[in-house]
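S.K.: I'm passing along query15.txt; it holds compact mmCIF, N, CA and C atoms.
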```
# COMPACT_ATOMS: atom_id res chain seq x y z
N MET A 30 3.66 2.64 8.01
CA MET A 30 4.31 1.38 8.24
C MET A 30 3.29 0.27 8.02
N VAL A 31 3.72 -0.74 7.29
CA VAL A 31 2.88 -1.90 7.03
C VAL A 31 3.55 -3.12 7.65
N SER A 32 2.82 -3.86 8.46
CA SER A 32 3.34 -5.08 9.05
C SER A 32 2.18 -5.89 9.62
N ARG A 33 2.52 -6.93 10.35
CA ARG A 33 1.51 -7.80 10.96
C ARG A 33 2.05 -8.27 12.30
N VAL A 34 1.23 -8.19 13.32
CA VAL A 34 1.60 -8.60 14.67
C VAL A 34 0.66 -9.69 15.14
N GLY A 35 1.12 -10.46 16.13
CA GLY A 35 0.27 -11.48 16.71
C GLY A 35 -0.71 -10.86 17.70
N LYS A 36 -1.75 -11.61 18.00
CA LYS A 36 -2.70 -11.19 19.03
C LYS A 36 -2.12 -11.64 20.36
N ASP A 37 -1.07 -10.93 20.77
CA ASP A 37 -0.34 -11.28 21.97
C ASP A 37 0.20 -10.00 22.61
N GLU A 38 0.85 -10.16 23.75
CA GLU A 38 1.34 -9.00 24.49
C GLU A 38 2.36 -8.18 23.69
N LEU A 39 3.27 -8.86 22.99
CA LEU A 39 4.26 -8.14 22.18
C LEU A 39 3.59 -7.33 21.07
N GLY A 40 2.60 -7.93 20.44
CA GLY A 40 1.88 -7.22 19.38
C GLY A 40 1.17 -5.99 19.90
N GLN A 41 0.52 -6.13 21.05
CA GLN A 41 -0.17 -4.98 21.65
C GLN A 41 0.82 -3.90 22.06
N ASP A 42 1.97 -4.32 22.60
CA ASP A 42 3.02 -3.36 22.97
C ASP A 42 3.50 -2.58 21.75
N LEU A 43 3.65 -3.27 20.63
CA LEU A 43 4.11 -2.61 19.41
C LEU A 43 3.09 -1.59 18.92
N VAL A 44 1.83 -1.95 18.93
CA VAL A 44 0.78 -1.02 18.51
C VAL A 44 0.79 0.21 19.41
N GLU A 45 0.90 0.01 20.71
CA GLU A 45 0.93 1.13 21.65
C GLU A 45 2.17 2.00 21.44
N LYS A 46 3.31 1.39 21.20
CA LYS A 46 4.54 2.15 20.97
C LYS A 46 4.43 2.99 19.71
N CYS A 47 3.82 2.44 18.68
CA CYS A 47 3.60 3.21 17.44
C CYS A 47 2.78 4.46 17.74
N LYS A 48 1.72 4.28 18.49
CA LYS A 48 0.86 5.42 18.84
C LYS A 48 1.65 6.46 19.63
N GLU A 49 2.45 6.00 20.61
CA GLU A 49 3.26 6.92 21.42
C GLU A 49 4.21 7.73 20.55
N LEU A 50 4.76 7.10 19.51
CA LEU A 50 5.72 7.75 18.63
C LEU A 50 5.06 8.56 17.52
N GLY A 51 3.74 8.56 17.49
CA GLY A 51 3.03 9.29 16.44
C GLY A 51 2.97 8.57 15.12
N LEU A 52 3.23 7.27 15.12
CA LEU A 52 3.12 6.47 13.90
C LEU A 52 1.71 5.90 13.80
N ASN A 53 1.16 5.95 12.63
CA ASN A 53 -0.19 5.46 12.40
C ASN A 53 -0.19 3.93 12.35
N PRO A 54 -0.87 3.26 13.27
CA PRO A 54 -0.89 1.79 13.27
C PRO A 54 -1.98 1.20 12.36
N GLU A 55 -2.57 2.03 11.50
CA GLU A 55 -3.68 1.56 10.66
C GLU A 55 -3.33 0.33 9.84
N PHE A 56 -2.09 0.22 9.40
CA PHE A 56 -1.71 -0.89 8.52
C PHE A 56 -0.90 -1.96 9.24
N LEU A 57 -1.06 -2.03 10.56
CA LEU A 57 -0.52 -3.14 11.34
C LEU A 57 -1.63 -4.16 11.49
N GLN A 58 -1.56 -5.21 10.72
CA GLN A 58 -2.58 -6.25 10.77
C GLN A 58 -2.40 -7.08 12.04
N GLU A 59 -3.50 -7.63 12.55
CA GLU A 59 -3.44 -8.51 13.71
C GLU A 59 -3.69 -9.95 13.27
N ASP A 60 -2.79 -10.83 13.64
CA ASP A 60 -2.86 -12.24 13.28
C ASP A 60 -3.36 -13.03 14.49
N LEU A 61 -4.44 -13.77 14.32
CA LEU A 61 -5.01 -14.54 15.42
C LEU A 61 -4.31 -15.88 15.65
N ILE A 62 -3.48 -16.30 14.70
CA ILE A 62 -2.86 -17.61 14.77
C ILE A 62 -1.37 -17.53 15.08
N HIS A 63 -0.65 -16.67 14.38
CA HIS A 63 0.80 -16.62 14.47
C HIS A 63 1.25 -15.54 15.46
N PRO A 64 2.33 -15.81 16.19
CA PRO A 64 2.81 -14.83 17.18
C PRO A 64 3.54 -13.65 16.52
N THR A 65 3.69 -12.60 17.27
CA THR A 65 4.50 -11.46 16.84
C THR A 65 5.94 -11.93 16.64
N GLY A 66 6.58 -11.44 15.61
CA GLY A 66 7.94 -11.84 15.30
C GLY A 66 8.93 -11.42 16.37
N THR A 67 9.91 -12.28 16.60
CA THR A 67 10.97 -11.99 17.56
C THR A 67 12.31 -12.45 17.01
N VAL A 68 13.36 -11.94 17.62
CA VAL A 68 14.73 -12.33 17.28
C VAL A 68 15.46 -12.62 18.58
N GLU A 69 16.10 -13.79 18.66
CA GLU A 69 16.94 -14.09 19.81
C GLU A 69 18.37 -13.65 19.48
N VAL A 70 18.98 -12.93 20.41
CA VAL A 70 20.33 -12.41 20.21
C VAL A 70 21.25 -12.97 21.29
N GLU A 71 22.38 -13.52 20.86
CA GLU A 71 23.39 -14.01 21.79
C GLU A 71 24.72 -13.39 21.42
N LEU A 72 25.47 -12.98 22.44
CA LEU A 72 26.81 -12.44 22.21
C LEU A 72 27.84 -13.54 22.46
N ASP A 73 28.80 -13.66 21.52
CA ASP A 73 29.86 -14.64 21.73
C ASP A 73 30.93 -14.04 22.64
N SER A 74 32.00 -14.76 22.87
CA SER A 74 33.04 -14.31 23.79
C SER A 74 33.75 -13.04 23.30
N GLN A 75 33.65 -12.76 22.02
CA GLN A 75 34.24 -11.55 21.43
C GLN A 75 33.27 -10.37 21.43
N GLY A 76 32.06 -10.62 21.92
CA GLY A 76 31.05 -9.56 21.93
C GLY A 76 30.31 -9.41 20.61
N GLN A 77 30.51 -10.37 19.70
CA GLN A 77 29.82 -10.34 18.42
C GLN A 77 28.44 -10.97 18.56
N ALA A 78 27.46 -10.33 18.00
CA ALA A 78 26.09 -10.81 18.11
C ALA A 78 25.79 -11.89 17.08
N GLU A 79 25.06 -12.90 17.53
CA GLU A 79 24.50 -13.92 16.65
C GLU A 79 22.99 -13.85 16.80
N TYR A 80 22.29 -13.89 15.68
CA TYR A 80 20.85 -13.69 15.67
C TYR A 80 20.12 -14.94 15.22
N GLU A 81 19.02 -15.23 15.88
CA GLU A 81 18.11 -16.27 15.41
C GLU A 81 16.76 -15.60 15.18
N ILE A 82 16.43 -15.40 13.91
CA ILE A 82 15.17 -14.75 13.54
C ILE A 82 14.11 -15.84 13.50
N LYS A 83 13.11 -15.71 14.36
CA LYS A 83 12.06 -16.74 14.46
C LYS A 83 11.24 -16.78 13.18
N GLU A 84 10.86 -17.99 12.80
CA GLU A 84 10.10 -18.20 11.57
C GLU A 84 8.62 -18.47 11.85
N ASP A 85 7.83 -18.38 10.77
CA ASP A 85 6.39 -18.62 10.80
C ASP A 85 5.70 -17.76 11.86
N VAL A 86 6.01 -16.48 11.78
CA VAL A 86 5.44 -15.49 12.69
C VAL A 86 4.45 -14.60 11.93
N ALA A 87 3.80 -13.71 12.63
CA ALA A 87 2.71 -12.92 12.04
C ALA A 87 3.12 -12.21 10.76
N TRP A 88 4.27 -11.54 10.74
CA TRP A 88 4.62 -10.78 9.54
C TRP A 88 4.95 -11.66 8.34
N ASP A 89 5.11 -12.96 8.54
CA ASP A 89 5.26 -13.89 7.42
C ASP A 89 3.92 -14.10 6.70
N HIS A 90 2.84 -13.63 7.30
CA HIS A 90 1.50 -13.88 6.77
C HIS A 90 0.73 -12.57 6.52
N LEU A 91 1.46 -11.55 6.08
CA LEU A 91 0.85 -10.26 5.76
C LEU A 91 -0.13 -10.44 4.61
N GLU A 92 -1.39 -10.13 4.86
CA GLU A 92 -2.46 -10.38 3.88
C GLU A 92 -2.69 -9.17 2.98
N TRP A 93 -2.89 -9.47 1.71
CA TRP A 93 -3.27 -8.44 0.74
C TRP A 93 -4.73 -8.09 0.97
N ASN A 94 -5.04 -6.81 1.07
CA ASN A 94 -6.43 -6.39 1.30
C ASN A 94 -6.68 -5.04 0.64
N ASP A 95 -7.92 -4.58 0.71
CA ASP A 95 -8.28 -3.31 0.07
C ASP A 95 -7.52 -2.12 0.66
N GLY A 96 -7.25 -2.16 1.96
CA GLY A 96 -6.50 -1.07 2.58
C GLY A 96 -5.11 -0.94 1.99
N LEU A 97 -4.43 -2.07 1.80
CA LEU A 97 -3.10 -2.03 1.20
C LEU A 97 -3.17 -1.65 -0.27
N LYS A 98 -4.21 -2.09 -0.95
CA LYS A 98 -4.39 -1.72 -2.36
C LYS A 98 -4.52 -0.20 -2.49
N ASN A 99 -5.31 0.42 -1.63
CA ASN A 99 -5.47 1.87 -1.66
C ASN A 99 -4.19 2.59 -1.28
N LEU A 100 -3.50 2.07 -0.27
CA LEU A 100 -2.24 2.67 0.15
C LEU A 100 -1.22 2.62 -0.98
N ALA A 101 -1.10 1.48 -1.65
CA ALA A 101 -0.14 1.34 -2.74
C ALA A 101 -0.41 2.36 -3.84
N GLY A 102 -1.67 2.57 -4.16
CA GLY A 102 -2.04 3.50 -5.22
C GLY A 102 -1.71 4.95 -4.92
N ASN A 103 -1.45 5.25 -3.64
CA ASN A 103 -1.14 6.62 -3.22
C ASN A 103 0.24 6.73 -2.59
N CYS A 104 1.07 5.75 -2.80
CA CYS A 104 2.36 5.66 -2.12
C CYS A 104 3.42 6.47 -2.85
N ALA A 105 4.10 7.36 -2.12
CA ALA A 105 5.19 8.14 -2.70
C ALA A 105 6.52 7.40 -2.63
N ALA A 106 6.69 6.58 -1.59
CA ALA A 106 7.93 5.82 -1.41
C ALA A 106 7.64 4.54 -0.65
N VAL A 107 8.42 3.52 -0.94
CA VAL A 107 8.28 2.25 -0.24
C VAL A 107 9.68 1.64 -0.08
N CYS A 108 9.95 1.10 1.11
CA CYS A 108 11.21 0.43 1.38
C CYS A 108 10.90 -1.00 1.81
N PHE A 109 11.60 -1.96 1.23
CA PHE A 109 11.37 -3.37 1.58
C PHE A 109 12.70 -4.11 1.49
N GLY A 110 12.74 -5.27 2.11
CA GLY A 110 13.96 -6.07 2.09
C GLY A 110 13.69 -7.51 1.69
N THR A 111 14.73 -8.32 1.74
CA THR A 111 14.60 -9.73 1.37
C THR A 111 13.91 -10.53 2.47
N LEU A 112 14.14 -10.15 3.71
CA LEU A 112 13.63 -10.95 4.83
C LEU A 112 12.11 -11.08 4.79
N CYS A 113 11.41 -10.03 4.42
CA CYS A 113 9.95 -10.10 4.39
C CYS A 113 9.43 -11.01 3.29
N GLN A 114 10.32 -11.46 2.42
CA GLN A 114 9.91 -12.31 1.31
C GLN A 114 10.18 -13.79 1.55
N ARG A 115 10.53 -14.15 2.77
CA ARG A 115 10.87 -15.54 3.04
C ARG A 115 9.66 -16.47 2.99
N HIS A 116 8.47 -15.94 3.17
CA HIS A 116 7.24 -16.75 3.12
C HIS A 116 6.40 -16.28 1.94
N SER A 117 5.78 -17.21 1.25
CA SER A 117 5.04 -16.87 0.02
C SER A 117 3.89 -15.90 0.25
N VAL A 118 3.24 -15.93 1.41
CA VAL A 118 2.09 -15.04 1.65
C VAL A 118 2.55 -13.58 1.62
N THR A 119 3.55 -13.25 2.42
CA THR A 119 4.02 -11.87 2.46
C THR A 119 4.72 -11.50 1.16
N ARG A 120 5.44 -12.44 0.55
CA ARG A 120 6.10 -12.17 -0.73
C ARG A 120 5.07 -11.79 -1.79
N ASN A 121 3.94 -12.50 -1.84
CA ASN A 121 2.89 -12.17 -2.81
C ASN A 121 2.21 -10.84 -2.48
N THR A 122 2.04 -10.56 -1.20
CA THR A 122 1.46 -9.27 -0.80
C THR A 122 2.38 -8.13 -1.24
N LEU A 123 3.67 -8.29 -1.03
CA LEU A 123 4.63 -7.27 -1.46
C LEU A 123 4.59 -7.10 -2.97
N LYS A 124 4.54 -8.20 -3.70
CA LYS A 124 4.47 -8.13 -5.16
C LYS A 124 3.23 -7.35 -5.60
N ASN A 125 2.08 -7.67 -5.03
CA ASN A 125 0.84 -6.95 -5.36
C ASN A 125 0.98 -5.46 -5.04
N PHE A 126 1.57 -5.16 -3.89
CA PHE A 126 1.72 -3.78 -3.46
C PHE A 126 2.59 -3.00 -4.46
N LEU A 127 3.77 -3.55 -4.76
CA LEU A 127 4.70 -2.85 -5.65
C LEU A 127 4.14 -2.68 -7.05
N GLU A 128 3.41 -3.67 -7.53
CA GLU A 128 2.82 -3.58 -8.87
C GLU A 128 1.75 -2.50 -8.96
N ARG A 129 1.15 -2.13 -7.84
CA ARG A 129 0.08 -1.14 -7.84
C ARG A 129 0.55 0.26 -7.46
N CYS A 130 1.82 0.39 -7.15
CA CYS A 130 2.37 1.72 -6.84
C CYS A 130 2.45 2.55 -8.12
N PRO A 131 2.23 3.85 -8.03
CA PRO A 131 2.40 4.71 -9.21
C PRO A 131 3.84 4.62 -9.74
N LYS A 132 4.01 4.89 -11.03
CA LYS A 132 5.34 4.81 -11.65
C LYS A 132 6.35 5.72 -10.95
N LYS A 133 5.89 6.84 -10.43
CA LYS A 133 6.80 7.81 -9.79
C LYS A 133 7.18 7.42 -8.35
N THR A 134 6.62 6.35 -7.84
CA THR A 134 6.93 5.91 -6.47
C THR A 134 8.41 5.55 -6.36
N ILE A 135 9.05 6.05 -5.31
CA ILE A 135 10.44 5.69 -5.03
C ILE A 135 10.43 4.34 -4.34
N LYS A 136 11.14 3.38 -4.92
CA LYS A 136 11.20 2.03 -4.36
C LYS A 136 12.63 1.76 -3.90
N VAL A 137 12.77 1.48 -2.61
CA VAL A 137 14.09 1.19 -2.04
C VAL A 137 14.12 -0.27 -1.62
N PHE A 138 15.08 -1.00 -2.17
CA PHE A 138 15.25 -2.41 -1.84
C PHE A 138 16.49 -2.54 -0.97
N ASP A 139 16.29 -2.85 0.29
CA ASP A 139 17.37 -3.04 1.25
C ASP A 139 17.71 -4.52 1.26
N ILE A 140 18.84 -4.87 0.65
CA ILE A 140 19.20 -6.27 0.53
C ILE A 140 19.72 -6.77 1.87
N ASN A 141 18.90 -7.57 2.54
CA ASN A 141 19.24 -8.15 3.83
C ASN A 141 19.56 -9.62 3.63
N LEU A 142 20.83 -9.96 3.64
CA LEU A 142 21.21 -11.35 3.44
C LEU A 142 21.37 -12.00 4.82
N ARG A 143 20.24 -12.39 5.39
CA ARG A 143 20.19 -12.92 6.74
C ARG A 143 19.92 -14.42 6.75
N GLN A 144 20.71 -15.12 7.55
CA GLN A 144 20.54 -16.55 7.75
C GLN A 144 20.29 -17.23 6.41
N ASN A 145 19.29 -18.05 6.31
CA ASN A 145 18.97 -18.74 5.06
C ASN A 145 17.67 -18.22 4.47
N PHE A 146 17.36 -16.93 4.72
CA PHE A 146 16.08 -16.39 4.31
C PHE A 146 16.12 -15.67 2.96
N TYR A 147 17.01 -16.06 2.11
CA TYR A 147 17.08 -15.47 0.78
C TYR A 147 17.62 -16.52 -0.18
N ASN A 148 17.35 -16.30 -1.45
CA ASN A 148 17.93 -17.16 -2.47
C ASN A 148 18.00 -16.38 -3.77
N ARG A 149 18.72 -16.90 -4.71
CA ARG A 149 18.94 -16.20 -5.99
C ARG A 149 17.62 -15.89 -6.69
N GLU A 150 16.67 -16.84 -6.66
CA GLU A 150 15.38 -16.62 -7.34
C GLU A 150 14.63 -15.44 -6.74
N THR A 151 14.58 -15.37 -5.40
CA THR A 151 13.88 -14.26 -4.75
C THR A 151 14.55 -12.94 -5.10
N LEU A 152 15.86 -12.90 -5.03
CA LEU A 152 16.58 -11.66 -5.35
C LEU A 152 16.34 -11.23 -6.79
N LYS A 153 16.52 -12.15 -7.71
CA LYS A 153 16.45 -11.82 -9.14
C LYS A 153 15.02 -11.67 -9.66
N ASN A 154 14.17 -12.64 -9.37
CA ASN A 154 12.84 -12.68 -9.98
C ASN A 154 11.76 -11.94 -9.20
N HIS A 155 12.02 -11.63 -7.96
CA HIS A 155 11.00 -10.93 -7.18
C HIS A 155 11.48 -9.52 -6.83
N SER A 156 12.51 -9.42 -6.06
CA SER A 156 12.96 -8.13 -5.53
C SER A 156 13.43 -7.17 -6.61
N ILE A 157 14.48 -7.54 -7.32
CA ILE A 157 15.08 -6.63 -8.29
C ILE A 157 14.15 -6.39 -9.46
N LYS A 158 13.46 -7.41 -9.92
CA LYS A 158 12.53 -7.27 -11.05
C LYS A 158 11.42 -6.28 -10.73
N LEU A 159 10.93 -6.30 -9.48
CA LEU A 159 9.84 -5.41 -9.09
C LEU A 159 10.27 -3.95 -8.96
N LEU A 160 11.57 -3.72 -8.86
CA LEU A 160 12.05 -2.34 -8.79
C LEU A 160 11.89 -1.63 -10.12
N GLY A 161 11.94 -2.38 -11.21
CA GLY A 161 11.88 -1.75 -12.53
C GLY A 161 13.24 -1.16 -12.86
N PRO A 162 13.30 -0.31 -13.89
CA PRO A 162 14.58 0.27 -14.29
C PRO A 162 15.04 1.30 -13.25
N ARG A 163 16.04 0.96 -12.49
CA ARG A 163 16.56 1.82 -11.44
C ARG A 163 18.08 1.65 -11.39
N SER A 164 18.74 2.62 -10.82
CA SER A 164 20.17 2.47 -10.58
C SER A 164 20.36 1.82 -9.22
N MET A 165 21.49 1.16 -9.05
CA MET A 165 21.77 0.50 -7.79
C MET A 165 23.01 1.12 -7.16
N ASN A 166 22.94 1.33 -5.86
CA ASN A 166 24.08 1.82 -5.12
C ASN A 166 24.93 0.61 -4.74
N LYS A 167 26.19 0.59 -5.16
CA LYS A 167 27.05 -0.56 -4.94
C LYS A 167 27.76 -0.51 -3.60
N ASN A 168 27.53 0.52 -2.81
CA ASN A 168 28.16 0.63 -1.48
C ASN A 168 27.35 -0.03 -0.42
```
Show this structure as structure tokens.
M.R.:
Amino acid sequence: MVSRVGKDELGQDLVEKCKELGLNPEFLQEDLIHPTGTVEVELDSQGQAEYEIKEDVAWDHLEWNDGLKNLAGNCAAVCFGTLCQRHSVTRNTLKNFLERCPKKTIKVFDINLRQNFYNRETLKNHSIKLLGPRSMNKN
């Protein structure tokens, strides 16, 4: 798992939970400036959830580094969505990562059309283009 957490209680809790679950936290970057990402959830009178995904959080600033470069070069599969591309720093890191994956790497693009965190350019010129020649599941 690759992500970025703030140097805060939520970030530390996430790192500890990863360890408890047997997930390697090696690629969880720590951000000294931005907080760990959160989502506020409110239920309306019908019980339908409304989400407010907080912006300018740690995972919006995922930095490209040698560790990610090495991981990309040995990656068998990668899954990513539109939400992680809302900020240029993480979007460029994802682009670098996908470009360095071996040709045989399975790339899964989970199209998350959340709030206002996507646009036609990101979908067409970043996400889908980086997949290369692949079939798409229309379901």
S.K.: Nearest residue to Leu39 of chain A out of A:Gly51, A:Thr65, A:Ala105, A:Cys113, using all atoms listed in the file?
M.R.: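 Under the stated criterion, the closest residue is A:Thr65.
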S.K.: Write down as number ranges by chain the residues belonging to segment 56-117 of chain A that are assigned strand (DSSP E or B) by DSSP computed on the backbone.
M.R.: A: 57-60, 68-72, 78-82, 106-110
S.K.: Show me the residues close to (-0.3, -10.2, 1.6) - anything with an atom within 6.5 Å, counting all atoms listed in the file - and format the list as a PyMOL selection string.
M.R.: chain A and resi 90-94+118-123
S.K.: Considering only C-alpha atoms, state which residue in the set A:Asp37, A:Glu49, A:Glu128, A:Asp60 is at the smallest distance from Gly102 of chain A.
M.R.: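 Of all the options, A:Glu128 lies closest to Gly102 of chain A.
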S.K.: Rounded to one decimal, what separation in Å do you get between atom CA of Leu100 of chain A and atom CA of Lys136 of chain A?
M.R.: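 Atom CA of Leu100 of chain A sits 14.2 Å away from atom CA of Lys136 of chain A.
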S.K.: Rounded to one decimal place, report the atom CA of Lys83 of chain A-atom CA of Leu61 of chain A distance in Å.
M.R.: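 Computed distance, atom CA of Lys83 of chain A to atom CA of Leu61 of chain A, equals 17.2 Å.
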S.K.: Rank A:Gly66, A:Gly35, A:Gly40, A:Pro54 by their smallest atom-to-atom distance to Ile82 of chain A, using only C-alpha atoms, and report the top residue only.
M.R.: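 With only C-alpha atoms as the atom set, the closest residue is A:Gly66.
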S.K.: With all atoms listed in the file as the basis for distance, which of A:Ala78, A:Arg115, A:Phe126, A:Glu84 is at the shortest distance from Lys98 of chain A?
M.R.: A:Phe126
S.K.: May I ask for the distance between atom N of Asn99 of chain A and atom N of Gln58 of chain A, given in Å to one decimal place?
M.R.: 14.1 Å
S.K.: Produce segment 85-104 of chain A of the given structure as output with N, CA and C atoms, as a PDB file, in the first residue's frame.
M.R.:
```
ATOM      1  N   ASP A  85      -6.523  19.140   0.714  1.00  0.00           N
ATOM      2  CA  ASP A  85      -5.177  19.575   1.097  1.00  0.00           C
ATOM      3  C   ASP A  85      -4.682  18.820   2.330  1.00  0.00           C
ATOM      4  N   VAL A  86      -4.791  17.509   2.229  1.00  0.00           N
ATOM      5  CA  VAL A  86      -4.354  16.611   3.301  1.00  0.00           C
ATOM      6  C   VAL A  86      -3.101  15.861   2.849  1.00  0.00           C
ATOM      7  N   ALA A  87      -2.543  15.067   3.729  1.00  0.00           N
ATOM      8  CA  ALA A  87      -1.250  14.428   3.472  1.00  0.00           C
ATOM      9  C   ALA A  87      -1.222  13.656   2.154  1.00  0.00           C
ATOM     10  N   TRP A  88      -2.237  12.837   1.876  1.00  0.00           N
ATOM     11  CA  TRP A  88      -2.163  12.026   0.661  1.00  0.00           C
ATOM     12  C   TRP A  88      -2.287  12.845  -0.624  1.00  0.00           C
ATOM     13  N   ASP A  89      -2.657  14.112  -0.521  1.00  0.00           N
ATOM     14  CA  ASP A  89      -2.627  15.000  -1.685  1.00  0.00           C
ATOM     15  C   ASP A  89      -1.189  15.382  -2.048  1.00  0.00           C
ATOM     16  N   HIS A  90      -0.246  15.063  -1.181  1.00  0.00           N
ATOM     17  CA  HIS A  90       1.143  15.491  -1.356  1.00  0.00           C
ATOM     18  C   HIS A  90       2.106  14.294  -1.355  1.00  0.00           C
ATOM     19  N   LEU A  91       1.651  13.176  -1.919  1.00  0.00           N
ATOM     20  CA  LEU A  91       2.481  11.975  -2.022  1.00  0.00           C
ATOM     21  C   LEU A  91       3.694  12.281  -2.891  1.00  0.00           C
ATOM     22  N   GLU A  92       4.876  12.141  -2.311  1.00  0.00           N
ATOM     23  CA  GLU A  92       6.113  12.522  -3.001  1.00  0.00           C
ATOM     24  C   GLU A  92       6.721  11.349  -3.761  1.00  0.00           C
ATOM     25  N   TRP A  93       7.199  11.656  -4.955  1.00  0.00           N
ATOM     26  CA  TRP A  93       7.940  10.680  -5.753  1.00  0.00           C
ATOM     27  C   TRP A  93       9.325  10.530  -5.142  1.00  0.00           C
ATOM     28  N   ASN A  94       9.763   9.302  -4.912  1.00  0.00           N
ATOM     29  CA  ASN A  94      11.084   9.075  -4.323  1.00  0.00           C
ATOM     30  C   ASN A  94      11.668   7.763  -4.835  1.00  0.00           C
ATOM     31  N   ASP A  95      12.893   7.467  -4.438  1.00  0.00           N
ATOM     32  CA  ASP A  95      13.567   6.250  -4.913  1.00  0.00           C
ATOM     33  C   ASP A  95      12.840   4.982  -4.481  1.00  0.00           C
ATOM     34  N   GLY A  96      12.243   4.998  -3.296  1.00  0.00           N
ATOM     35  CA  GLY A  96      11.502   3.820  -2.833  1.00  0.00           C
ATOM     36  C   GLY A  96      10.336   3.497  -3.755  1.00  0.00           C
ATOM     37  N   LEU A  97       9.585   4.530  -4.158  1.00  0.00           N
ATOM     38  CA  LEU A  97       8.470   4.308  -5.078  1.00  0.00           C
ATOM     39  C   LEU A  97       8.964   3.922  -6.465  1.00  0.00           C
ATOM     40  N   LYS A  98      10.083   4.490  -6.875  1.00  0.00           N
ATOM     41  CA  LYS A  98      10.658   4.135  -8.175  1.00  0.00           C
ATOM     42  C   LYS A  98      11.009   2.652  -8.204  1.00  0.00           C
ATOM     43  N   ASN A  99      11.628   2.149  -7.147  1.00  0.00           N
ATOM     44  CA  ASN A  99      11.973   0.730  -7.072  1.00  0.00           C
ATOM     45  C   ASN A  99      10.734  -0.148  -6.995  1.00  0.00           C
ATOM     46  N   LEU A 100       9.750   0.283  -6.213  1.00  0.00           N
ATOM     47  CA  LEU A 100       8.510  -0.473  -6.104  1.00  0.00           C
ATOM     48  C   LEU A 100       7.818  -0.574  -7.461  1.00  0.00           C
ATOM     49  N   ALA A 101       7.729   0.531  -8.181  1.00  0.00           N
ATOM     50  CA  ALA A 101       7.075   0.539  -9.488  1.00  0.00           C
ATOM     51  C   ALA A 101       7.742  -0.449 -10.437  1.00  0.00           C
ATOM     52  N   GLY A 102       9.060  -0.495 -10.414  1.00  0.00           N
ATOM     53  CA  GLY A 102       9.801  -1.374 -11.315  1.00  0.00           C
ATOM     54  C   GLY A 102       9.595  -2.857 -11.036  1.00  0.00           C
ATOM     55  N   ASN A 103       9.053  -3.174  -9.859  1.00  0.00           N
ATOM     56  CA  ASN A 103       8.819  -4.567  -9.474  1.00  0.00           C
ATOM     57  C   ASN A 103       7.349  -4.858  -9.206  1.00  0.00           C
ATOM     58  N   CYS A 104       6.484  -3.994  -9.659  1.00  0.00           N
ATOM     59  CA  CYS A 104       5.064  -4.069  -9.329  1.00  0.00           C
ATOM     60  C   CYS A 104       4.335  -5.022 -10.277  1.00  0.00           C
TER      61      CYS A 104
END
```
